[in-house]
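Data block for entry.cif (mmCIF, C-alpha atoms):
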```cif
data_model
#
loop_
_atom_site.label_atom_id
_atom_site.label_comp_id
_atom_site.auth_asym_id
_atom_site.auth_seq_id
_atom_site.Cartn_x
_atom_site.Cartn_y
_atom_site.Cartn_z
CA MET A 1 -58.38 -86.25 59.43
CA ARG A 2 -60.52 -85.62 56.34
CA ALA A 3 -62.07 -82.53 57.96
CA ILE A 4 -59.09 -80.29 57.24
CA PRO A 5 -58.86 -80.92 53.46
CA LEU A 6 -62.67 -80.63 53.12
CA THR A 7 -62.68 -77.37 55.11
CA VAL A 8 -59.86 -75.95 52.96
CA THR A 9 -61.71 -76.99 49.77
CA VAL A 10 -64.99 -75.39 50.89
CA LEU A 11 -63.17 -72.24 52.00
CA ALA A 12 -61.30 -72.02 48.68
CA ALA A 13 -64.57 -72.44 46.74
CA ALA A 14 -66.26 -69.74 48.82
CA LEU A 15 -63.39 -67.32 48.21
CA ALA A 16 -63.43 -68.06 44.48
CA LEU A 17 -67.17 -67.30 44.29
CA THR A 18 -66.87 -64.03 46.19
CA ALA A 19 -64.04 -62.91 43.90
CA CYS A 20 -66.49 -62.87 40.98
CA ASP A 21 -67.87 -59.37 40.52
CA ASP A 22 -71.10 -58.81 38.63
CA GLY A 23 -70.16 -55.17 37.95
CA GLY A 24 -72.84 -53.93 40.32
CA SER A 25 -72.64 -50.57 42.03
CA SER A 26 -71.70 -51.79 45.49
CA GLY A 27 -67.97 -51.47 46.02
CA SER A 28 -67.22 -50.71 42.36
CA SER A 29 -64.16 -48.50 41.97
CA LYS A 30 -64.39 -48.13 38.19
CA PRO A 31 -64.37 -44.52 36.96
CA LYS A 32 -67.70 -43.29 35.69
CA ALA A 33 -68.04 -43.34 31.92
CA GLY A 34 -69.39 -40.12 30.52
CA SER A 35 -67.90 -37.62 32.98
CA ALA A 36 -67.65 -34.02 31.79
CA CYS A 37 -65.44 -33.42 28.74
CA ALA A 38 -62.31 -31.53 29.75
CA ILE A 39 -60.05 -29.30 27.66
CA GLY A 40 -57.07 -31.64 28.19
CA SER A 41 -59.01 -34.68 26.91
CA VAL A 42 -60.43 -33.14 23.75
CA SER A 43 -59.03 -31.26 20.80
CA VAL A 44 -60.58 -27.86 20.18
CA GLU A 45 -60.33 -26.22 16.77
CA VAL A 46 -61.57 -22.85 15.56
CA GLY A 47 -62.70 -23.21 11.96
CA SER A 48 -62.88 -20.81 9.05
CA ALA A 49 -65.14 -17.98 10.04
CA SER A 50 -67.83 -16.27 8.08
CA VAL A 51 -66.19 -12.92 8.76
CA ALA A 52 -68.24 -9.75 9.12
CA PRO A 53 -66.55 -7.44 6.59
CA ALA A 54 -67.82 -4.06 7.85
CA ALA A 55 -69.20 -2.44 11.01
CA GLY A 56 -72.77 -3.62 11.65
CA ASP A 57 -72.35 -6.85 9.66
CA SER A 58 -72.84 -10.26 11.30
CA GLY A 59 -70.25 -13.00 11.37
CA GLU A 60 -69.94 -16.55 12.71
CA VAL A 61 -66.97 -18.46 14.08
CA PRO A 62 -67.39 -22.27 14.17
CA VAL A 63 -65.67 -24.23 16.95
CA SER A 64 -65.29 -28.01 16.83
CA ILE A 65 -64.46 -30.38 19.66
CA THR A 66 -63.21 -33.95 19.16
CA ASN A 67 -62.92 -36.37 22.08
CA GLN A 68 -59.41 -37.84 22.32
CA SER A 69 -59.92 -39.96 25.44
CA ALA A 70 -62.48 -41.92 27.46
CA PRO A 71 -66.19 -41.26 26.84
CA CYS A 72 -67.29 -37.87 28.15
CA THR A 73 -70.37 -35.67 28.22
CA LEU A 74 -71.07 -32.10 27.13
CA ASP A 75 -73.95 -30.94 29.31
CA HIS A 76 -74.97 -27.27 29.08
CA PHE A 77 -73.24 -24.50 27.08
CA PRO A 78 -69.60 -23.64 26.47
CA SER A 79 -68.26 -20.55 28.21
CA VAL A 80 -66.59 -18.12 25.81
CA THR A 81 -64.82 -14.92 26.81
CA LEU A 82 -63.43 -12.38 24.38
CA GLY A 83 -60.52 -10.28 25.57
CA GLN A 84 -58.40 -7.32 24.75
CA GLU A 85 -55.69 -5.88 26.95
CA GLY A 86 -57.31 -4.88 30.25
CA ARG A 87 -60.89 -5.75 29.21
CA THR A 88 -62.92 -8.95 28.81
CA ALA A 89 -66.48 -9.83 27.88
CA LYS A 90 -68.17 -13.14 28.64
CA LEU A 91 -70.56 -14.02 25.83
CA ALA A 92 -74.24 -14.68 26.42
CA VAL A 93 -76.08 -17.75 25.17
CA GLN A 94 -77.90 -17.19 21.88
CA GLN A 95 -81.51 -16.22 22.41
CA GLY A 96 -83.77 -19.27 22.17
CA ALA A 97 -80.89 -21.78 22.27
CA GLN A 98 -81.56 -24.91 24.30
CA ALA A 99 -78.77 -26.99 25.77
CA GLN A 100 -78.70 -30.67 25.03
CA LYS A 101 -76.68 -33.39 26.70
CA LEU A 102 -74.22 -34.94 24.25
CA LYS A 103 -72.20 -38.05 24.98
CA LEU A 104 -68.95 -38.30 23.06
CA ALA A 105 -67.11 -41.59 22.62
CA LYS A 106 -63.43 -41.47 21.72
CA GLY A 107 -63.20 -39.92 18.25
CA ASP A 108 -66.70 -38.36 18.32
CA SER A 109 -67.09 -34.66 17.57
CA ALA A 110 -69.45 -31.82 18.42
CA GLY A 111 -69.40 -28.13 17.71
CA PHE A 112 -70.85 -24.74 18.51
CA THR A 113 -70.84 -21.31 16.91
CA VAL A 114 -69.87 -17.87 18.13
CA ALA A 115 -72.06 -15.27 16.39
CA TYR A 116 -71.00 -11.63 16.51
CA VAL A 117 -71.68 -8.20 15.08
CA ARG A 118 -68.63 -6.32 13.90
CA GLY A 119 -68.00 -3.06 15.69
CA LYS A 120 -66.75 0.21 14.32
CA ASP A 121 -63.01 0.82 14.61
CA GLY A 122 -62.32 3.34 17.37
CA ASP A 123 -65.80 3.05 18.95
CA ALA A 124 -65.43 3.21 22.75
CA LYS A 125 -68.25 0.66 23.19
CA ALA A 126 -66.69 -1.85 20.76
CA LEU A 127 -64.36 -4.54 22.10
CA ASN A 128 -61.19 -4.68 20.04
CA ALA A 129 -60.80 -8.36 20.90
CA THR A 130 -57.47 -10.09 20.41
CA SER A 131 -58.28 -13.42 22.08
CA MET A 132 -61.12 -15.89 22.58
CA SER A 133 -61.02 -18.17 25.65
CA ILE A 134 -63.15 -21.34 25.68
CA THR A 135 -64.12 -23.37 28.76
CA LEU A 136 -66.22 -26.53 28.48
CA PRO A 137 -69.12 -27.09 30.88
CA GLY A 138 -67.99 -28.91 34.01
CA GLY A 139 -64.33 -28.26 33.27
CA GLY A 140 -62.21 -25.62 34.93
CA ALA A 141 -59.44 -25.30 32.37
CA SER A 142 -59.74 -23.03 29.37
CA GLN A 143 -58.00 -22.79 26.04
CA SER A 144 -57.28 -19.50 24.26
CA PHE A 145 -57.27 -18.75 20.56
CA PRO A 146 -56.43 -15.57 18.64
CA TRP A 147 -59.43 -13.42 17.65
CA LYS A 148 -58.71 -12.03 14.19
CA TYR A 149 -62.19 -11.03 13.06
CA GLY A 150 -62.14 -7.33 13.95
CA PRO A 151 -63.75 -5.37 16.76
CA VAL A 152 -67.01 -6.66 18.28
CA ALA A 153 -69.88 -4.19 18.59
CA GLY A 154 -70.82 -3.07 22.09
CA LYS A 155 -74.39 -3.19 23.34
CA GLY A 156 -74.22 -1.26 26.58
CA GLY A 157 -71.56 -1.34 29.26
CA ARG A 158 -67.89 -2.04 28.68
CA SER A 159 -68.34 -5.81 29.05
CA ASP A 160 -71.63 -6.16 27.13
CA VAL A 161 -70.88 -7.03 23.51
CA ASP A 162 -73.08 -8.04 20.57
CA ALA A 163 -71.88 -11.63 20.43
CA SER A 164 -73.30 -14.95 21.62
CA VAL A 165 -72.67 -18.69 21.83
CA SER A 166 -74.88 -21.42 20.36
CA ALA A 167 -75.70 -24.80 21.90
CA PHE A 168 -73.50 -27.80 21.17
CA GLN A 169 -74.47 -29.83 18.11
CA GLN A 170 -73.36 -33.40 17.42
CA ALA A 171 -71.09 -33.58 14.35
CA GLY A 172 -71.46 -36.31 11.77
CA ASP A 173 -74.31 -38.79 11.69
#
```

Turn the structure described in the file into structure tokens.
Amino acid sequence: MRAIPLTVTVLAAALALTACDDGGSSGSSKPKAGSACAIGSVSVEVGSASVAPAAGDSGEVPVSITNQSAPCTLDHFPSVTLGQEGRTAKLAVQQGAQAQKLKLAKGDSAGFTVAYVRGKDGDAKALNATSMSITLPGGGASQSFPWKYGPVAGKGGRSDVDASVSAFQQAGD
């Protein structure tokens, strides 16, 4: 009658060994580290702008992003839309800018800049923006901020403005 205790012991040992997981990819249900940064998991702040004081002058609006959650990745460019009542303009990427993939651990920061040319008050081509909406790459949600830097010069059609977005840059070291 020793066969039963020996069989139970071998079976228990086999189950104990199979319960050990080496963290390999087969059957792992852990969430992927470094998924796209999402608006709800980061804080977004619009900094003090270098305001364009008169029509034709250039200005810059810095935007910083700080990860508040699990590690995430910024891969590509932010999407920025300026709006006024009944009219919006999605900003182009700055000429020559190259996207880089940035991984942000909890507490890490990155930023980008919105560059613009101030438009003339009352110009039909200018966008008298009142809001700036930011969407991060890979994320569907956006966050809006007041635009208080004056009208943005128009370049052509009603949705083509003289403003652009830079690539993300790692903040700090």

Taking all atoms of range 86-92 of chain A that appear in the file, build a box with edges along x, y and z, extend it by 4 Å on every side, and state its centre and edge lengths in Å to one decimal, as JSON.
```
{"center_x": -65.8, "center_y": -9.8, "center_z": 28.0, "size_x": 24.9, "size_y": 17.8, "size_z": 12.4}
```

Open item on the list: Given all atoms listed in the file as the basis, pick out the residue of A:Ser109, A:Ser35, A:Gln95, A:Gln100 nearest to Gln68 in chain A.
Closed with: A:Ser109

Residues within 12 Å of Tyr149 in chain A, all atoms listed in the file, excluding chain neighbours under 5 positions, as a PDB file with C-alpha atoms, in the coordinates of the input:
```pdb
ATOM      1  CA  SER A  48     -62.880 -20.810   9.050  1.00  0.00           C
ATOM      2  CA  ALA A  49     -65.140 -17.980  10.040  1.00  0.00           C
ATOM      3  CA  SER A  50     -67.830 -16.270   8.080  1.00  0.00           C
ATOM      4  CA  VAL A  51     -66.190 -12.920   8.760  1.00  0.00           C
ATOM      5  CA  ALA A  52     -68.240  -9.750   9.120  1.00  0.00           C
ATOM      6  CA  PRO A  53     -66.550  -7.440   6.590  1.00  0.00           C
ATOM      7  CA  ALA A  54     -67.820  -4.060   7.850  1.00  0.00           C
ATOM      8  CA  ALA A  55     -69.200  -2.440  11.010  1.00  0.00           C
ATOM      9  CA  ASP A  57     -72.350  -6.850   9.660  1.00  0.00           C
ATOM     10  CA  SER A  58     -72.840 -10.260  11.300  1.00  0.00           C
ATOM     11  CA  GLY A  59     -70.250 -13.000  11.370  1.00  0.00           C
ATOM     12  CA  GLU A  60     -69.940 -16.550  12.710  1.00  0.00           C
ATOM     13  CA  VAL A  61     -66.970 -18.460  14.080  1.00  0.00           C
ATOM     14  CA  LEU A  82     -63.430 -12.380  24.380  1.00  0.00           C
ATOM     15  CA  VAL A 114     -69.870 -17.870  18.130  1.00  0.00           C
ATOM     16  CA  ALA A 115     -72.060 -15.270  16.390  1.00  0.00           C
ATOM     17  CA  TYR A 116     -71.000 -11.630  16.510  1.00  0.00           C
ATOM     18  CA  VAL A 117     -71.680  -8.200  15.080  1.00  0.00           C
ATOM     19  CA  ARG A 118     -68.630  -6.320  13.900  1.00  0.00           C
ATOM     20  CA  GLY A 119     -68.000  -3.060  15.690  1.00  0.00           C
ATOM     21  CA  ASP A 121     -63.010   0.820  14.610  1.00  0.00           C
ATOM     22  CA  LEU A 127     -64.360  -4.540  22.100  1.00  0.00           C
ATOM     23  CA  ASN A 128     -61.190  -4.680  20.040  1.00  0.00           C
ATOM     24  CA  ALA A 129     -60.800  -8.360  20.900  1.00  0.00           C
ATOM     25  CA  THR A 130     -57.470 -10.090  20.410  1.00  0.00           C
ATOM     26  CA  SER A 131     -58.280 -13.420  22.080  1.00  0.00           C
ATOM     27  CA  MET A 132     -61.120 -15.890  22.580  1.00  0.00           C
TER      28      MET A 132
END
```

Open item on the list: Report, in Å with one decimal, the straight-line distance from CA of Gly138 in chain A to CA of Asp162 in chain A.
Closed with: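 Spanning CA of Gly138 in chain A to CA of Asp162 in chain A is a straight-line distance of 25.3 Å.
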
TODO: Between A:Gly172, A:Val42, A:Ala163, A:Ala36, single out the one closest to Ala92 in chain A, counting only C-alpha atoms.
DONE: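 Comparing A:Gly172, A:Val42, A:Ala163, A:Ala36 against Ala92 in chain A, the winner is A:Ala163.
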
Task: Residue IDs satisfying the PyMOL selection byres ((chain A and resi 164-170) around 10), as an NGL selection string - done: :A and (60-65 or 74-81 or 90-104 or 108-117 or 161-163 or 171-173)

Task: For Ser43 in chain A, the nearest of the candidates A:Gly150, A:Gly107, A:Gly56, A:Gly122, counting all atoms listed in the file - done: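 Looking at the shortest contact to Ser43 in chain A, the residue is A:Gly107.
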
Task: Separation of CA of Thr66 in chain A from CA of Gln84 in chain A, in Å and rounded to one decimal - done: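 Separation between CA of Thr66 in chain A and CA of Gln84 in chain A: 27.6 Å.
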
TODO: Kindly give the distance, in Å, that separates CA of Thr88 in chain A and CA of Ser159 in chain A, rounded to a single decimal.
DONE: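 Those two atoms sit 6.3 Å apart.
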
TODO: Convert the output of the PyMOL selection byres ((chain A and resi 139) around 10) on the shown file into explicit residues, formatted as a VMD selection string.
DONE: chain A and resid 36 to 40 74 78 135 to 138 140 to 142

- [ ] Tell me which protein, DNA and RNA residues are within 8 Å of Ser69 in chain A, counting only C-alpha atoms, leaving out same-chain ones fewer than 2 positions away, and put them as number ranges by chain.
- [x] A: 41-42, 67, 71, 105-107

- [ ] Take the PyMOL selection byres ((chain A and resi 126) around 6), apply it to the structure above, and return the hits as a PyMOL selection string.
- [x] chain A and resi 119+123-125+127+152-154
